[in-house]
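Undergrad: Coordinates in protein10.pdb, PDB, C-alpha atoms, pLDDT in the B column, are listed below.
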MODEL        1
ATOM      1  CA  MET A 107      72.614-197.943 -20.767  1.00 49.00           C
ATOM      2  CA  SER A 108      71.341-201.505 -20.506  1.00 51.00           C
ATOM      3  CA  VAL A 109      71.877-203.848 -17.580  1.00 46.00           C
ATOM      4  CA  ARG A 110      73.962-206.074 -19.829  1.00 54.00           C
ATOM      5  CA  THR A 111      76.168-203.146 -20.908  1.00 53.00           C
ATOM      6  CA  ASN A 112      76.692-202.070 -17.294  1.00 51.00           C
ATOM      7  CA  ARG A 113      77.684-205.571 -16.346  1.00 52.00           C
ATOM      8  CA  THR A 114      80.080-205.803 -19.285  1.00 54.00           C
ATOM      9  CA  HIS A 115      81.804-202.586 -18.231  1.00 54.00           C
ATOM     10  CA  ALA A 116      82.027-203.715 -14.590  1.00 50.00           C
ATOM     11  CA  VAL A 117      83.539-207.056 -15.576  1.00 53.00           C
ATOM     12  CA  ALA A 118      86.009-205.319 -17.909  1.00 56.00           C
ATOM     13  CA  ASP A 119      87.072-202.921 -15.148  1.00 56.00           C
ATOM     14  CA  ARG A 120      87.617-205.768 -12.698  1.00 56.00           C
ATOM     15  CA  SER A 121      89.559-207.697 -15.332  1.00 58.00           C
ATOM     16  CA  ASN A 122      91.795-204.687 -15.956  1.00 71.00           C
ATOM     17  CA  LEU A 123      92.483-204.390 -12.235  1.00 68.00           C
ATOM     18  CA  TYR A 124      93.285-208.093 -11.986  1.00 66.00           C
ATOM     19  CA  ASP A 125      95.615-207.713 -14.984  1.00 75.00           C
ATOM     20  CA  GLU A 126      97.404-204.816 -13.286  1.00 73.00           C
ATOM     21  CA  ILE A 127      97.944-206.761 -10.065  1.00 65.00           C
ATOM     22  CA  THR A 128      99.022-209.861 -12.002  1.00 66.00           C
ATOM     23  CA  SER A 129     101.479-207.781 -14.047  1.00 73.00           C
ATOM     24  CA  LYS A 130     102.973-206.387 -10.838  1.00 63.00           C
ATOM     25  CA  ILE A 131     103.489-209.885  -9.428  1.00 59.00           C
ATOM     26  CA  ILE A 132     105.061-211.066 -12.686  1.00 67.00           C
ATOM     27  CA  ALA A 133     107.402-208.068 -12.667  1.00 65.00           C
ATOM     28  CA  GLU A 134     108.514-208.947  -9.134  1.00 55.00           C
ATOM     29  CA  LEU A 135     109.116-212.554 -10.152  1.00 57.00           C
ATOM     30  CA  GLU A 136     111.157-211.462 -13.164  1.00 59.00           C
ATOM     31  CA  ALA A 137     113.199-209.259 -10.840  1.00 57.00           C
ATOM     32  CA  GLY A 138     114.026-212.348  -8.772  1.00 52.00           C
ATOM     33  CA  CYS A 139     111.575-211.891  -5.899  1.00 51.00           C
ATOM     34  CA  PHE A 140     110.079-215.340  -5.359  1.00 47.00           C
ATOM     35  CA  PRO A 141     107.444-215.288  -2.591  1.00 44.00           C
ATOM     36  CA  TRP A 142     107.701-219.038  -2.025  1.00 42.00           C
ATOM     37  CA  VAL A 143     111.471-218.729  -1.378  1.00 47.00           C
ATOM     38  CA  GLN A 144     111.602-215.348   0.367  1.00 54.00           C
ATOM     39  CA  PRO A 145     108.186-214.567   1.857  1.00 58.00           C
ATOM     40  CA  TRP A 146     109.144-211.072   2.989  1.00 58.00           C
ATOM     41  CA  GLY A 147     109.784-207.649   1.526  1.00 59.00           C
ATOM     42  CA  THR A 148     112.625-205.362   2.595  1.00 57.00           C
ATOM     43  CA  SER A 149     113.815-203.896   5.876  1.00 52.00           C
ATOM     44  CA  ALA A 150     112.442-200.590   4.585  1.00 52.00           C
ATOM     45  CA  ALA A 151     109.137-201.690   6.100  1.00 55.00           C
ATOM     46  CA  LYS A 152     108.853-199.391   9.109  1.00 60.00           C
ATOM     47  CA  ALA A 153     105.132-199.449   9.860  1.00 60.00           C
ATOM     48  CA  SER A 154     103.609-201.626  12.527  1.00 60.00           C
ATOM     49  CA  LEU A 155     101.753-204.751  11.461  1.00 58.00           C
ATOM     50  CA  SER A 156      98.207-203.412  11.526  1.00 71.00           C
ATOM     51  CA  LEU A 157      95.195-202.951   9.307  1.00 82.00           C
ATOM     52  CA  PRO A 158      95.450-200.025   6.888  1.00 89.00           C
ATOM     53  CA  GLN A 159      92.879-197.358   7.665  1.00 92.00           C
ATOM     54  CA  ASN A 160      91.592-194.113   6.223  1.00 94.00           C
ATOM     55  CA  ALA A 161      93.069-191.328   8.346  1.00 92.00           C
ATOM     56  CA  SER A 162      90.020-189.106   7.804  1.00 91.00           C
ATOM     57  CA  THR A 163      87.146-191.524   8.434  1.00 91.00           C
ATOM     58  CA  ARG A 164      89.133-193.949  10.659  1.00 89.00           C
ATOM     59  CA  ARG A 165      87.586-196.835   8.732  1.00 91.00           C
ATOM     60  CA  ALA A 166      89.728-199.883   8.033  1.00 90.00           C
ATOM     61  CA  TYR A 167      90.295-200.934   4.438  1.00 90.00           C
ATOM     62  CA  SER A 168      89.250-204.471   3.550  1.00 86.00           C
ATOM     63  CA  GLY A 169      89.596-207.173   0.912  1.00 80.00           C
ATOM     64  CA  ILE A 170      92.246-206.782  -1.769  1.00 78.00           C
ATOM     65  CA  ASN A 171      92.878-203.222  -0.558  1.00 86.00           C
ATOM     66  CA  VAL A 172      94.589-204.566   2.555  1.00 83.00           C
ATOM     67  CA  LEU A 173      97.099-206.472   0.432  1.00 78.00           C
ATOM     68  CA  ILE A 174      97.583-203.546  -1.962  1.00 83.00           C
ATOM     69  CA  LEU A 175      98.277-201.083   0.862  1.00 87.00           C
ATOM     70  CA  TRP A 176     100.451-203.482   2.853  1.00 80.00           C
ATOM     71  CA  GLY A 177     102.470-204.026  -0.306  1.00 77.00           C
ATOM     72  CA  ALA A 178     102.891-200.275  -0.778  1.00 83.00           C
ATOM     73  CA  VAL A 179     104.043-199.860   2.839  1.00 82.00           C
ATOM     74  CA  VAL A 180     106.651-202.606   2.460  1.00 73.00           C
ATOM     75  CA  GLU A 181     107.804-201.529  -0.993  1.00 77.00           C
ATOM     76  CA  ARG A 182     108.063-197.803  -0.258  1.00 81.00           C
ATOM     77  CA  GLY A 183     109.034-197.888   3.401  1.00 78.00           C
ATOM     78  CA  PHE A 184     106.136-195.846   4.779  1.00 84.00           C
ATOM     79  CA  PRO A 185     106.160-195.599   8.599  1.00 81.00           C
ATOM     80  CA  THR A 186     102.382-195.665   8.987  1.00 87.00           C
ATOM     81  CA  GLN A 187      99.340-197.618   7.790  1.00 89.00           C
ATOM     82  CA  ASN A 188      97.199-194.471   7.518  1.00 92.00           C
ATOM     83  CA  TRP A 189      95.942-193.311   4.120  1.00 95.00           C
ATOM     84  CA  ILE A 190      93.908-190.427   2.738  1.00 95.00           C
ATOM     85  CA  THR A 191      92.555-189.195  -0.585  1.00 96.00           C
ATOM     86  CA  TYR A 192      93.656-185.917  -2.154  1.00 95.00           C
ATOM     87  CA  ARG A 193      90.250-184.338  -1.516  1.00 95.00           C
ATOM     88  CA  GLN A 194      90.184-185.499   2.101  1.00 95.00           C
ATOM     89  CA  ALA A 195      93.618-184.005   2.712  1.00 95.00           C
ATOM     90  CA  PHE A 196      92.511-180.698   1.182  1.00 94.00           C
ATOM     91  CA  ALA A 197      89.257-180.681   3.184  1.00 95.00           C
ATOM     92  CA  LEU A 198      91.269-181.077   6.380  1.00 93.00           C
ATOM     93  CA  GLY A 199      93.444-178.085   5.558  1.00 93.00           C
ATOM     94  CA  GLY A 200      96.420-180.056   4.280  1.00 94.00           C
ATOM     95  CA  ASN A 201      97.674-181.218   0.920  1.00 94.00           C
ATOM     96  CA  VAL A 202      99.639-183.923  -0.830  1.00 95.00           C
ATOM     97  CA  ARG A 203     103.242-182.884  -1.409  1.00 93.00           C
ATOM     98  CA  ARG A 204     104.139-182.051  -4.988  1.00 92.00           C
ATOM     99  CA  GLY A 205     105.561-184.964  -6.939  1.00 92.00           C
ATOM    100  CA  GLU A 206     104.103-187.677  -4.707  1.00 94.00           C
ATOM    101  CA  HIS A 207     102.531-190.704  -6.406  1.00 94.00           C
ATOM    102  CA  GLY A 208      99.429-192.305  -4.938  1.00 95.00           C
ATOM    103  CA  THR A 209      98.292-195.902  -4.602  1.00 93.00           C
ATOM    104  CA  THR A 210      95.151-197.186  -6.323  1.00 90.00           C
ATOM    105  CA  VAL A 211      92.525-198.906  -4.178  1.00 90.00           C
ATOM    106  CA  VAL A 212      89.078-200.093  -5.162  1.00 86.00           C
ATOM    107  CA  TYR A 213      85.512-200.100  -3.889  1.00 83.00           C
ATOM    108  CA  ALA A 214      83.189-202.865  -5.086  1.00 78.00           C
ATOM    109  CA  ASP A 215      79.451-203.101  -4.522  1.00 78.00           C
ATOM    110  CA  ARG A 216      76.108-203.643  -6.281  1.00 82.00           C
ATOM    111  CA  PHE A 217      73.140-201.393  -6.934  1.00 81.00           C
ATOM    112  CA  VAL A 218      69.687-201.697  -8.536  1.00 85.00           C
ATOM    113  CA  PRO A 219      68.951-198.870 -11.013  1.00 86.00           C
ATOM    114  CA  ASP A 220      65.489-197.294 -11.091  1.00 87.00           C
ATOM    115  CA  HIS A 221      64.582-198.708 -14.502  1.00 87.00           C
ATOM    116  CA  GLU A 222      65.403-202.207 -13.254  1.00 84.00           C
ATOM    117  CA  LYS A 223      63.211-201.700 -10.193  1.00 87.00           C
ATOM    118  CA  LYS A 224      60.401-200.596 -12.497  1.00 88.00           C
ATOM    119  CA  ARG A 225      60.873-203.602 -14.782  1.00 87.00           C
ATOM    120  CA  ALA A 226      60.782-205.923 -11.781  1.00 82.00           C
ATOM    121  CA  ARG A 227      57.531-204.393 -10.542  1.00 88.00           C
ATOM    122  CA  GLU A 228      55.913-204.692 -13.951  1.00 87.00           C
ATOM    123  CA  THR A 229      57.001-208.253 -14.644  1.00 88.00           C
ATOM    124  CA  GLY A 230      56.956-209.624 -11.125  1.00 85.00           C
ATOM    125  CA  GLU A 231      60.524-210.829 -11.570  1.00 87.00           C
ATOM    126  CA  ASP A 232      63.390-210.220  -9.193  1.00 87.00           C
ATOM    127  CA  ALA A 233      65.330-207.018  -9.784  1.00 82.00           C
ATOM    128  CA  GLN A 234      68.822-207.623 -11.100  1.00 85.00           C
ATOM    129  CA  ALA A 235      71.592-205.828  -9.209  1.00 84.00           C
ATOM    130  CA  ILE A 236      74.498-204.443 -11.200  1.00 82.00           C
ATOM    131  CA  PRO A 237      78.023-204.910  -9.803  1.00 79.00           C
ATOM    132  CA  PHE A 238      80.315-201.918  -9.993  1.00 74.00           C
ATOM    133  CA  LEU A 239      83.936-201.211  -9.219  1.00 77.00           C
ATOM    134  CA  LYS A 240      85.296-197.760  -8.431  1.00 83.00           C
ATOM    135  CA  ARG A 241      88.947-196.854  -8.228  1.00 86.00           C
ATOM    136  CA  PHE A 242      90.385-194.348  -5.815  1.00 89.00           C
ATOM    137  CA  THR A 243      93.864-192.962  -5.405  1.00 95.00           C
ATOM    138  CA  VAL A 244      95.045-192.689  -1.820  1.00 96.00           C
ATOM    139  CA  PHE A 245      98.210-191.297  -0.298  1.00 97.00           C
ATOM    140  CA  ASN A 246     100.018-192.361   2.820  1.00 94.00           C
ATOM    141  CA  ILE A 247      99.861-189.529   5.343  1.00 93.00           C
ATOM    142  CA  GLU A 248     103.670-189.510   5.180  1.00 91.00           C
ATOM    143  CA  GLN A 249     103.194-188.097   1.657  1.00 94.00           C
ATOM    144  CA  CYS A 250     101.098-185.196   2.959  1.00 94.00           C
ATOM    145  CA  GLU A 251     101.766-181.949   4.794  1.00 93.00           C
ATOM    146  CA  GLY A 252      99.676-179.495   6.759  1.00 92.00           C
ATOM    147  CA  LEU A 253      97.309-182.140   8.151  1.00 92.00           C
ATOM    148  CA  PRO A 254      95.854-181.550  11.633  1.00 91.00           C
ATOM    149  CA  GLY A 255      97.909-183.116  14.389  1.00 85.00           C
ATOM    150  CA  GLU A 256      95.189-185.568  15.374  1.00 82.00           C
ATOM    151  CA  VAL A 257      95.048-186.873  11.789  1.00 82.00           C
ATOM    152  CA  ALA A 258      98.786-186.989  11.196  1.00 76.00           C
ATOM    153  CA  ALA A 259      99.244-188.878  14.454  1.00 70.00           C
ATOM    154  CA  SER A 260      96.152-191.083  14.194  1.00 57.00           C
ATOM    155  CA  ALA A 261      96.828-194.508  15.613  1.00 50.00           C
ATOM    156  CA  PRO A 262      96.503-197.492  13.271  1.00 52.00           C
ATOM    157  CA  LEU A 263      93.996-200.237  13.968  1.00 50.00           C
ATOM    158  CA  ARG A 264      95.958-202.929  15.709  1.00 51.00           C
ATOM    159  CA  VAL A 265      95.629-206.575  14.859  1.00 51.00           C
ATOM    160  CA  ALA A 266      96.839-209.480  16.933  1.00 55.00           C
ATOM    161  CA  SER A 267     100.469-209.347  18.017  1.00 62.00           C
ATOM    162  CA  PRO A 268     102.639-210.217  15.011  1.00 74.00           C
ATOM    163  CA  ILE A 269     104.496-212.822  17.061  1.00 85.00           C
ATOM    164  CA  LYS A 270     102.432-215.602  18.579  1.00 88.00           C
ATOM    165  CA  PRO A 271     102.917-215.730  22.385  1.00 90.00           C
ATOM    166  CA  ARG A 272     103.845-219.448  22.355  1.00 92.00           C
ATOM    167  CA  VAL A 273     106.474-218.892  19.664  1.00 92.00           C
ATOM    168  CA  GLU A 274     107.838-215.834  21.460  1.00 92.00           C
ATOM    169  CA  ALA A 275     108.050-217.848  24.692  1.00 93.00           C
ATOM    170  CA  LEU A 276     109.844-220.670  22.868  1.00 94.00           C
ATOM    171  CA  ILE A 277     112.403-218.265  21.410  1.00 93.00           C
ATOM    172  CA  LYS A 278     113.108-216.781  24.834  1.00 93.00           C
ATOM    173  CA  ALA A 279     113.322-220.227  26.453  1.00 94.00           C
ATOM    174  CA  THR A 280     116.098-221.344  24.088  1.00 93.00           C
ATOM    175  CA  GLY A 281     118.384-218.574  25.319  1.00 94.00           C
ATOM    176  CA  ILE A 282     119.708-218.158  21.772  1.00 94.00           C
ATOM    177  CA  ASP A 283     120.680-214.679  20.599  1.00 95.00           C
ATOM    178  CA  PHE A 284     117.676-213.927  18.354  1.00 94.00           C
ATOM    179  CA  ARG A 285     117.916-210.715  16.330  1.00 91.00           C
ATOM    180  CA  ILE A 286     115.168-209.069  14.272  1.00 85.00           C
ATOM    181  CA  GLY A 287     116.117-206.840  11.350  1.00 79.00           C
ATOM    182  CA  GLY A 288     117.730-206.687   7.934  1.00 76.00           C
ATOM    183  CA  ASN A 289     116.661-208.308   4.660  1.00 77.00           C
ATOM    184  CA  ARG A 290     118.025-211.818   5.240  1.00 84.00           C
ATOM    185  CA  ALA A 291     117.080-214.769   7.433  1.00 89.00           C
ATOM    186  CA  PHE A 292     119.972-216.912   8.657  1.00 91.00           C
ATOM    187  CA  TYR A 293     121.695-218.673  11.541  1.00 93.00           C
ATOM    188  CA  MET A 294     125.364-217.790  12.125  1.00 92.00           C
ATOM    189  CA  PRO A 295     127.041-220.841  13.730  1.00 90.00           C
ATOM    190  CA  ALA A 296     130.364-219.095  14.340  1.00 89.00           C
ATOM    191  CA  HIS A 297     128.723-216.487  16.570  1.00 92.00           C
ATOM    192  CA  ASP A 298     125.660-218.521  17.561  1.00 94.00           C
ATOM    193  CA  TYR A 299     122.944-216.045  16.677  1.00 94.00           C
ATOM    194  CA  ILE A 300     119.828-215.948  14.507  1.00 94.00           C
ATOM    195  CA  GLN A 301     118.633-213.024  12.449  1.00 91.00           C
ATOM    196  CA  VAL A 302     115.317-212.696  10.613  1.00 90.00           C
ATOM    197  CA  PRO A 303     113.598-209.695   8.973  1.00 85.00           C
ATOM    198  CA  PRO A 304     110.909-207.913  11.045  1.00 81.00           C
ATOM    199  CA  PRO A 305     107.396-209.446  11.059  1.00 82.00           C
ATOM    200  CA  GLN A 306     105.906-206.456   9.232  1.00 72.00           C
ATOM    201  CA  ALA A 307     108.143-207.155   6.239  1.00 73.00           C
ATOM    202  CA  TYR A 308     106.434-210.500   5.642  1.00 77.00           C
ATOM    203  CA  PHE A 309     103.553-210.802   3.216  1.00 69.00           C
ATOM    204  CA  GLU A 310     101.822-213.271   5.564  1.00 75.00           C
ATOM    205  CA  PRO A 311     102.422-213.331   9.361  1.00 80.00           C
ATOM    206  CA  ILE A 312     102.591-217.140   9.432  1.00 86.00           C
ATOM    207  CA  ASN A 313     105.687-217.044   7.235  1.00 87.00           C
ATOM    208  CA  TRP A 314     107.591-215.065   9.860  1.00 89.00           C
ATOM    209  CA  HIS A 315     106.928-217.857  12.329  1.00 92.00           C
ATOM    210  CA  ARG A 316     107.962-220.530   9.822  1.00 89.00           C
ATOM    211  CA  THR A 317     111.203-218.700   9.119  1.00 91.00           C
ATOM    212  CA  ALA A 318     111.969-218.103  12.793  1.00 92.00           C
ATOM    213  CA  LEU A 319     111.371-221.742  13.742  1.00 92.00           C
ATOM    214  CA  HIS A 320     113.397-222.943  10.744  1.00 91.00           C
ATOM    215  CA  GLU A 321     116.419-220.923  11.874  1.00 93.00           C
ATOM    216  CA  LEU A 322     115.912-222.151  15.450  1.00 93.00           C
ATOM    217  CA  GLY A 323     116.124-225.660  14.017  1.00 92.00           C
ATOM    218  CA  HIS A 324     119.546-224.848  12.596  1.00 92.00           C
ATOM    219  CA  ALA A 325     120.655-223.368  15.924  1.00 93.00           C
ATOM    220  CA  THR A 326     120.034-226.674  17.707  1.00 92.00           C
ATOM    221  CA  GLY A 327     123.121-227.996  15.898  1.00 90.00           C
ATOM    222  CA  HIS A 328     125.546-225.656  17.646  1.00 91.00           C
ATOM    223  CA  GLY A 329     128.476-227.290  19.447  1.00 88.00           C
ATOM    224  CA  SER A 330     126.981-226.424  22.827  1.00 91.00           C
ATOM    225  CA  ARG A 331     123.764-228.245  21.885  1.00 90.00           C
ATOM    226  CA  LEU A 332     123.486-231.218  19.489  1.00 88.00           C
ATOM    227  CA  ASP A 333     126.884-230.553  17.905  1.00 87.00           C
ATOM    228  CA  ARG A 334     126.016-231.094  14.251  1.00 86.00           C
ATOM    229  CA  LYS A 335     128.593-230.191  11.627  1.00 79.00           C
ATOM    230  CA  PHE A 336     127.858-227.163   9.466  1.00 73.00           C
ATOM    231  CA  SER A 337     130.809-227.666   7.133  1.00 66.00           C
ATOM    232  CA  GLY A 338     128.757-228.741   4.097  1.00 61.00           C
ATOM    233  CA  SER A 339     128.811-226.361   1.136  1.00 58.00           C
ATOM    234  CA  ASN A 340     125.635-225.252  -0.599  1.00 60.00           C
ATOM    235  CA  GLY A 341     124.237-228.199  -2.557  1.00 56.00           C
ATOM    236  CA  SER A 342     126.273-230.845  -0.743  1.00 65.00           C
ATOM    237  CA  ARG A 343     124.815-233.861   1.063  1.00 73.00           C
ATOM    238  CA  LYS A 344     125.743-232.380   4.456  1.00 71.00           C
ATOM    239  CA  TYR A 345     124.029-229.132   3.545  1.00 67.00           C
ATOM    240  CA  ALA A 346     120.934-230.987   2.365  1.00 71.00           C
ATOM    241  CA  PHE A 347     120.873-233.047   5.568  1.00 75.00           C
ATOM    242  CA  GLU A 348     121.039-229.911   7.707  1.00 77.00           C
ATOM    243  CA  GLU A 349     118.183-228.332   5.758  1.00 73.00           C
ATOM    244  CA  LEU A 350     116.084-231.455   6.276  1.00 71.00           C
ATOM    245  CA  VAL A 351     116.783-231.312  10.007  1.00 71.00           C
ATOM    246  CA  ALA A 352     115.675-227.676  10.166  1.00 70.00           C
ATOM    247  CA  LEU A 353     112.511-228.500   8.209  1.00 65.00           C
ATOM    248  CA  SER A 354     111.511-231.383  10.463  1.00 55.00           C
TER
ENDMDL
END
Would you encode the structure as structure tokens?
TA:
Amino acid sequence: MSVRTNRTHAVADRSNLYDEITSKIIAELEAGCFPWVQPWGTSAAKASLSLPQNASTRRAYSGINVLILWGAVVERGFPTQNWITYRQAFALGGNVRRGEHGTTVVYADRFVPDHEKKRARETGEDAQAIPFLKRFTVFNIEQCEGLPGEVAASAPLRVASPIKPRVEALIKATGIDFRIGGNRAFYMPAHDYIQVPPPQAYFEPINWHRTALHELGHATGHGSRLDRKFSGSNGSRKYAFEELVALS
């Protein structure tokens, strides 16, 4: 197979993968999930905010795989960020439970075939590397059984705390009842409390902070604070004014 043919196949495979991911995003948009309006998934997200890792090799996934696996954790409510291939599970004495569906991840790299090395030596030109893309199906360890205890309980690779210390300190300093959970973000004036989904449900950590600070902005209008009126209905001038205050 020629270098050009290899490249054509690699590009086609990448394009197909991009099409699959794009189709998934479009499907979510058509279902009414708008990331720019609601930048979080569902409260089914039970795993800690950490880097996904292979439970057998303990290596962290990278690139687009991080987003793919985070999305699977949020969408399917897995309690762990640890993943494994079917063969790895079998090699460790376990197996994937019947009926479980895996998640596709990819491995991208380049290599120089022998005939290209030979051509480069004969012509004195630089050898041309060929990009390739391999697909793998992985399963969350929650989808497996019979794995050794040290694998089933392997700790995820932690990233920085999902809540920035300065923001956490600000929340505590306000003394406002701040609750984390559920699928909605809101401030309840009648009972003077804020509720936002957990940080791990958000597609990007910064959006949790934006949401939390936005709701804190609303809470400043409580009668015991700045005493703004929250009587405006959705779409009214009073409602719009309050939203502008919370955005400022």
Undergrad: How many Å separate atom CA of Ile190 of chain A from atom CA of Phe245 of chain A?
TA: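 Computing it gives 5.3 Å between the two atoms.
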Undergrad: Box for segment 161-179 of chain A - axis-aligned, 3 Å on each of the six sides, all listed atoms - centre and size in Å to one decimal, as AutoDock Vina command-line options.
TA:
--center_x 95.6 --center_y -198.1 --center_z 4.3 --size_x 22.9 --size_y 24.1 --size_z 18.6
Undergrad: The PyMOL selection byres ((chain A and resi 328) around 12) on the file shown: which residues, as a PyMOL selection string?
TA: chain A and resi 282+293-300+321-327+329-337+348
Undergrad: Kindly resolve the PyMOL selection byres ((chain A and resi 271-279) around 9) on the present coordinates and return the residues as a list of chain:residue names.
TA: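 Taken over the shown coordinates, the PyMOL selection byres ((chain A and resi 271-279) around 9) returns A:Ser267, A:Ile269, A:Lys270, A:Thr280, A:Gly281, A:Ile282, A:Asp283, A:Phe284, A:His315, A:Ala318, A:Leu319, A:Leu322.
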Undergrad: Rank nothing, just name the residue among A:Ala259, A:Val218, A:Ala352, A:Val179 nearest to Ala307 of chain A, using only C-alpha atoms.
TA: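 Smallest separation from Ala307 of chain A among the options: A:Val179.
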Undergrad: Using the chain letters and numbers from the file, give me the residues hit by the PyMOL selection byres ((chain A and resi 288) around 8), as a list in words.
TA: Thr148, Ser149, Ile286, Gly287, Asn289, Arg290, Gln301, Val302, Pro303 and Pro304 of chain A
